[in-house]
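Raw input.cif, mmCIF, C-alpha atoms and all ligand atoms:
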data_target
#
loop_
_atom_site.label_atom_id
_atom_site.label_comp_id
_atom_site.auth_asym_id
_atom_site.auth_seq_id
_atom_site.Cartn_x
_atom_site.Cartn_y
_atom_site.Cartn_z
CA MET A 26 73.54 6.88 -94.71
CA SER A 27 70.36 7.53 -92.81
CA HIS A 28 68.66 10.32 -90.91
CA ALA A 29 66.02 10.67 -88.22
CA CYS A 30 62.39 10.87 -89.34
CA PRO A 31 61.51 14.61 -89.23
CA VAL A 32 58.21 14.00 -87.43
CA GLN A 33 58.22 15.10 -83.80
CA ASN A 34 58.84 12.30 -81.29
CA CYS A 35 59.49 9.72 -84.00
CA SER A 36 62.63 7.73 -83.24
CA SER A 37 62.79 5.91 -86.60
CA GLN A 38 65.93 6.13 -88.70
CA VAL A 39 65.17 6.68 -92.37
CA ALA A 40 67.26 5.71 -95.43
CA SER A 41 68.86 8.74 -97.07
CA HIS A 42 66.72 8.54 -100.24
CA LEU A 43 63.51 8.79 -98.19
CA TYR A 44 62.17 11.77 -96.27
CA MET A 45 60.06 10.16 -93.55
CA CYS A 46 59.74 6.73 -91.99
CA PRO A 47 57.32 4.54 -94.02
CA ARG A 48 54.60 4.65 -91.36
CA HIS A 49 54.52 8.44 -91.34
CA TRP A 50 54.89 8.76 -95.11
CA ARG A 51 51.72 6.66 -95.56
CA MET A 52 49.86 9.29 -93.52
CA VAL A 53 50.69 12.00 -96.09
CA PRO A 54 47.85 12.47 -98.61
CA LYS A 55 48.77 11.32 -102.14
CA PRO A 56 48.65 14.79 -103.80
CA LEU A 57 51.00 16.18 -101.14
CA GLN A 58 53.35 13.20 -101.57
CA THR A 59 53.48 14.00 -105.29
CA ALA A 60 54.18 17.68 -104.56
CA VAL A 61 57.06 16.70 -102.25
CA TYR A 62 58.58 14.45 -104.95
CA GLU A 63 58.19 17.03 -107.67
CA SER A 64 59.69 19.92 -105.75
CA TYR A 65 62.60 17.73 -104.62
CA GLN A 66 63.28 16.50 -108.14
CA LYS A 67 63.40 20.09 -109.33
CA ASP A 68 66.06 21.43 -106.98
CA GLY A 69 67.02 18.68 -104.53
CA ARG A 70 65.96 20.80 -101.57
CA VAL A 71 63.61 20.47 -98.65
CA SER A 72 60.72 22.72 -99.63
CA VAL A 73 57.54 24.19 -98.22
CA ASN A 74 55.90 20.94 -99.39
CA HIS A 75 58.14 18.87 -97.12
CA ARG A 76 57.27 21.10 -94.17
CA GLU A 77 53.56 20.85 -94.97
CA ALA A 78 53.83 17.04 -95.05
CA VAL A 79 55.44 17.05 -91.59
CA ARG A 80 52.77 19.43 -90.30
CA VAL A 81 49.95 17.20 -91.62
CA VAL A 82 51.48 14.08 -90.05
CA GLU A 83 52.10 15.78 -86.70
CA ALA A 84 48.50 17.05 -86.65
CA ALA A 85 47.27 13.52 -87.37
CA GLU A 86 49.45 12.07 -84.60
CA ALA A 87 48.13 14.72 -82.19
CA GLY A 88 44.55 13.88 -83.19
CA ARG A 89 45.24 10.22 -82.69
CA SER A 90 46.78 10.60 -79.24
CA ALA A 91 43.91 12.90 -78.16
CA ILE A 92 41.54 9.98 -78.72
CA LYS A 93 41.69 7.70 -75.73
CA LEU A 94 40.84 4.14 -76.66
CA PRO A 95 41.79 1.08 -74.65
CA PRO A 96 44.91 -0.81 -75.78
CA GLY A 97 44.01 -3.64 -78.15
CA THR A 98 41.22 -1.66 -79.86
CA ARG A 99 40.63 -2.98 -83.38
CA ALA A 100 39.71 -1.04 -86.48
CA LEU A 101 37.75 -2.00 -89.58
CA THR A 102 38.40 -0.42 -92.98
CA ILE A 103 35.25 0.18 -95.01
CA TYR A 104 34.78 1.74 -98.47
CA GLN A 105 33.14 5.11 -98.83
CA PRO A 106 30.37 6.13 -98.78
CA TRP A 107 29.55 3.17 -96.51
CA ALA A 108 31.90 4.23 -93.70
CA SER A 109 30.36 7.71 -93.48
CA LEU A 110 26.86 6.23 -93.75
CA ILE A 111 27.65 4.14 -90.67
CA MET A 112 28.83 7.26 -88.82
CA ILE A 113 25.58 9.17 -89.45
CA GLY A 114 23.49 6.19 -88.34
CA ALA A 115 22.18 5.49 -91.85
CA LYS A 116 23.74 2.03 -92.06
CA PRO A 117 23.06 -0.20 -89.04
CA TYR A 118 24.81 -3.25 -90.56
CA GLU A 119 28.09 -3.89 -92.33
CA PHE A 120 27.52 -6.76 -94.78
CA ARG A 121 30.25 -9.35 -95.23
CA ARG A 122 30.49 -12.94 -96.43
CA TRP A 123 31.74 -14.28 -93.11
CA ASP A 124 30.81 -14.33 -89.44
CA PHE A 125 33.81 -13.03 -87.50
CA SER A 126 32.40 -14.35 -84.20
CA LEU A 127 33.07 -17.94 -85.37
CA LEU A 128 36.81 -17.30 -85.17
CA PRO A 129 38.02 -17.79 -81.59
CA ALA A 130 40.45 -14.88 -81.85
CA LEU A 131 37.69 -12.47 -82.96
CA ALA A 132 34.67 -13.75 -81.01
CA LYS A 133 35.58 -11.44 -78.12
CA LEU A 134 34.95 -8.42 -80.35
CA VAL A 135 31.18 -8.89 -80.03
CA GLY A 136 29.95 -6.02 -77.86
CA GLN A 137 33.29 -4.17 -78.14
CA ARG A 138 33.92 -0.68 -79.49
CA ILE A 139 35.87 -0.67 -82.76
CA VAL A 140 37.24 2.14 -84.92
CA ILE A 141 35.45 2.79 -88.22
CA HIS A 142 38.07 3.62 -90.86
CA ALA A 143 37.25 4.90 -94.35
CA SER A 144 39.28 3.31 -97.16
CA VAL A 145 41.36 5.50 -99.50
CA ARG A 146 39.31 4.11 -102.40
CA ARG A 147 37.31 6.76 -104.19
CA PRO A 148 33.89 5.43 -105.28
CA SER A 149 32.86 5.80 -108.91
CA LEU A 150 29.90 7.90 -109.99
CA ASP A 151 28.18 4.70 -111.19
CA GLU A 152 28.44 3.10 -107.77
CA LEU A 153 27.00 6.16 -106.05
CA ASN A 154 24.15 6.47 -108.52
CA ASP A 155 23.44 2.78 -108.10
CA ILE A 156 23.08 3.33 -104.34
CA LEU A 157 20.70 6.24 -105.02
CA ASP A 158 18.63 4.08 -107.41
CA ARG A 159 18.31 1.36 -104.79
CA ILE A 160 17.24 3.86 -102.15
CA GLU A 161 14.63 5.26 -104.55
CA GLN A 162 13.29 1.80 -105.35
CA GLY A 163 13.06 0.82 -101.69
CA GLU A 164 15.65 -1.93 -102.23
CA SER A 165 18.22 -0.57 -99.85
CA ALA A 166 19.04 -1.67 -96.31
CA LEU A 167 20.02 1.94 -95.58
CA LYS A 168 17.90 4.39 -93.62
CA ALA A 169 16.80 6.32 -96.68
CA ASP A 170 16.07 9.70 -95.08
CA LEU A 171 19.56 9.83 -93.53
CA ALA A 172 21.49 8.17 -96.33
CA GLU A 173 20.10 9.90 -99.39
CA PRO A 174 21.36 13.46 -98.74
CA LEU A 175 24.92 12.27 -98.06
CA VAL A 176 25.08 9.96 -101.09
CA ARG A 177 23.59 12.69 -103.29
CA GLN A 178 26.18 15.20 -102.05
CA MET A 179 29.00 12.74 -102.66
CA SER A 180 27.69 11.87 -106.10
CA ALA A 181 27.71 15.58 -107.03
CA ALA A 182 31.27 16.00 -105.71
CA VAL A 183 32.61 12.89 -107.50
CA GLY A 184 30.78 13.94 -110.69
CA ALA A 185 32.47 17.37 -110.49
CA LYS A 186 35.86 15.70 -109.81
CA VAL A 187 36.18 17.51 -106.48
CA ALA A 188 39.40 16.35 -104.77
CA ASP A 189 38.35 16.87 -101.16
CA LEU A 190 35.36 14.67 -100.35
CA HIS A 191 34.65 16.32 -97.00
CA MET A 192 31.20 14.69 -96.73
CA ALA A 193 32.81 11.24 -96.86
CA PRO A 194 36.60 11.66 -96.52
CA LEU A 195 39.04 8.99 -97.70
CA GLY A 196 41.87 7.33 -95.76
CA VAL A 197 40.76 8.49 -92.33
CA ALA A 198 39.41 6.99 -89.13
CA LEU A 199 35.99 8.54 -88.52
CA GLY A 200 35.01 7.39 -85.04
CA THR A 201 33.92 4.32 -83.16
CA ALA A 202 30.97 1.96 -83.02
CA VAL A 203 30.01 -1.03 -80.91
CA ILE A 204 30.00 -4.15 -83.08
CA GLY A 205 27.36 -6.77 -82.33
CA GLN A 206 26.78 -10.45 -82.95
CA PRO A 207 26.66 -11.07 -86.73
CA ARG A 208 23.31 -12.27 -88.08
CA ARG A 209 22.41 -13.93 -91.35
CA VAL A 210 20.96 -11.49 -93.83
CA VAL A 211 18.04 -13.87 -94.42
CA ASP A 212 17.14 -13.56 -90.72
CA ILE A 213 17.58 -9.79 -90.56
CA PHE A 214 15.31 -9.10 -93.51
CA LYS A 215 12.83 -11.98 -93.16
CA GLY A 216 9.44 -10.53 -94.07
CA ALA A 217 10.86 -7.03 -94.41
CA VAL A 218 11.67 -7.13 -98.10
CA ALA A 219 9.19 -7.92 -100.84
CA ASP A 220 11.27 -10.50 -102.63
CA SER A 221 13.12 -12.56 -100.04
CA ASP A 222 14.36 -15.03 -102.68
CA ARG A 223 16.91 -12.42 -103.66
CA LEU A 224 18.54 -12.42 -100.23
CA ASP A 225 21.99 -13.94 -100.23
CA GLU A 226 22.16 -16.88 -97.83
CA HIS A 227 25.89 -16.49 -97.49
CA MET A 228 25.84 -12.88 -96.33
CA PHE A 229 26.05 -11.73 -92.73
CA GLY A 230 25.07 -8.40 -91.26
CA TRP A 231 27.48 -7.14 -88.59
CA PRO A 232 25.48 -4.77 -86.35
CA LEU A 233 27.14 -1.40 -85.69
CA ALA A 234 25.54 0.75 -82.98
CA SER A 235 26.32 3.43 -80.36
CA ILE A 236 28.16 5.49 -82.97
CA GLU A 237 30.66 8.05 -81.64
CA PRO A 238 32.35 10.24 -84.27
CA PHE A 239 35.86 11.56 -83.54
CA PRO A 240 36.07 15.38 -83.19
CA GLN A 241 38.19 15.36 -86.40
CA PRO A 242 38.79 12.51 -88.88
CA VAL A 243 42.22 10.97 -88.17
CA PRO A 244 44.38 10.04 -91.19
CA ALA A 245 45.37 6.36 -91.14
CA ALA A 246 46.49 3.86 -93.75
CA GLY A 247 44.06 1.03 -93.00
CA ALA A 248 44.34 -2.68 -93.73
CA GLN A 249 42.35 -5.83 -94.44
CA GLY A 250 40.17 -7.43 -91.78
CA PHE A 251 40.25 -6.23 -88.18
CA TRP A 252 43.51 -4.36 -87.65
CA SER A 253 45.13 -2.99 -84.49
CA TRP A 254 44.38 0.64 -83.72
CA SER A 255 46.07 0.81 -80.34
ZN ZN A 301 58.39 8.71 -88.44
#
Starting from the coordinates I provided, produce the structure as structure tokens.
Ligand SMILES: [Zn+2]
Amino acid sequence: MSHACPVQNCSSQVASHLYMCPRHWRMVPKPLQTAVYESYQKDGRVSVNHREAVRVVEAAEAGRSAIKLPPGTRALTIYQPWASLIMIGAKPYEFRRWDFSLLPALAKLVGQRIVIHASVRRPSLDELNDILDRIEQGESALKADLAEPLVRQMSAAVGAKVADLHMAPLGVALGTAVIGQPRRVVDIFKGAVADSDRLDEHMFGWPLASIEPFPQPVPAAGAQGFWSWS
């Protein structure tokens, strides 16, 4: 037994014990997924929670199709608050342990526009306070005047166990940036930091510039490495 996914224009058939196709179900925020399960377990009926889940997914699909990006556009999933810091221009580099341009399949991404996607992972209060400490001590590669207010706001929200981190939302695509040729961290910060011995020789900075936020964050599941947006 199966049924059609209830999301508009979705042609997937869904097993009878599931409500939506897996791709659409992943777009439903966790608390709403739980509410759908709980109400269904109680009376075995499609409830207001089910309808809300469909509404959220259809809104996300509409947001996604309103954004016109060329086919083959790649996305990069980044933890918060780093993804939002990129979007406000406070973080000009994404630091990773590899240089994607050395892989033939990815070298063509240099100079291309990619989607910046915020991971579903909620940062801990310790992590956020550590970022604030580094900014204060001048040890951060962030643009302090832009970064500090956002990180402070997020730290307050995480400390107060606020569910909706609107200043740095989770599990959404935030916009696009043009990714540049990766550079070694030792070259980027040569002479710019007091103690260059502490720079990690194996780290690369991936430049992210020409930031363009989406009108609304677009819910998306995300993945490792560069994944296909369109
Ligand atoms: Zn579907």
Subject >> Close residues to ligand ZN 301 (chain A) using all atoms listed in the file, limit 12 Å, as a list in words >> reply: His28, Ala29, Cys30, Pro31, Val32, Gln33, Asn34, Cys35, Ser36, Ser37, Gln38, Val39, Ala40, Leu43, Tyr44, Met45, Cys46, Pro47, Arg48, His49, Trp50, Arg51, Met52, Val53, Ala78, Val79, Val82, Glu83 and Glu86 of chain A
Subject >> Pick from A:Met26, A:Val243, A:Ala248, A:Ala130 nearest to Ala91 (chain A), counting only C-alpha atoms >> reply: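 Of all the options, A:Val243 lies closest to Ala91 (chain A).
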**OP:** Using only C-alpha atoms, pick whichever of A:Pro56, A:Pro232, A:Pro244, A:Pro129 has the shortest atom-to-atom distance to Ala143 (chain A).
**Re:**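 Ranked by minimum distance to Ala143 (chain A), first place goes to A:Pro244.
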Original post:
Taking all atoms listed in the file into account, which of A:Ala87, A:Ile236, A:Leu157, A:Leu150 comes nearest Ile204 (chain A)?
Top reply: A:Ile236
**OP:** May I ask for the distance between CA of Val140 (chain A) and CA of Ala198 (chain A), given in Å to one decimal place?
**Re:**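 For CA of Val140 (chain A) relative to CA of Ala198 (chain A), the distance reads 6.8 Å.
Proximity to Val183 (chain A) was assessed for A:Leu110, A:Asp225, A:Gln105, A:Leu199 counting all atoms listed in the file; the smallest distance is recorded for A:Gln105.
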Original post:
CA of Val81 (chain A) and CA of Arg99 (chain A), how far apart in Å?
Top reply: 23.7 Å
**OP:** Quick one: pull the distance between CA of Ala84 (chain A) and CA of Gln249 (chain A), Å, one decimal.
**Re:** 24.9 Å
**OP:** Name the closest residue to Pro238 (chain A) among the candidates A:Arg122, A:His142, A:His191, A:Lys186; distances are taken between atoms, counting only C-alpha atoms.
**Re:** A:His142
**OP:** May I have the residues within 7 Å of Pro117 (chain A) as a PyMOL selection string, using all atoms listed in the file and disregarding those fewer than 4 positions away in the same chain?
**Re:** chain A and resi 111+232-234
**OP:** Return the single residue from A:Leu128, A:Val197, A:Ala185, A:Val73 that is closest to Ala108 (chain A), with distances computed using only C-alpha atoms.
**Re:** A:Val197
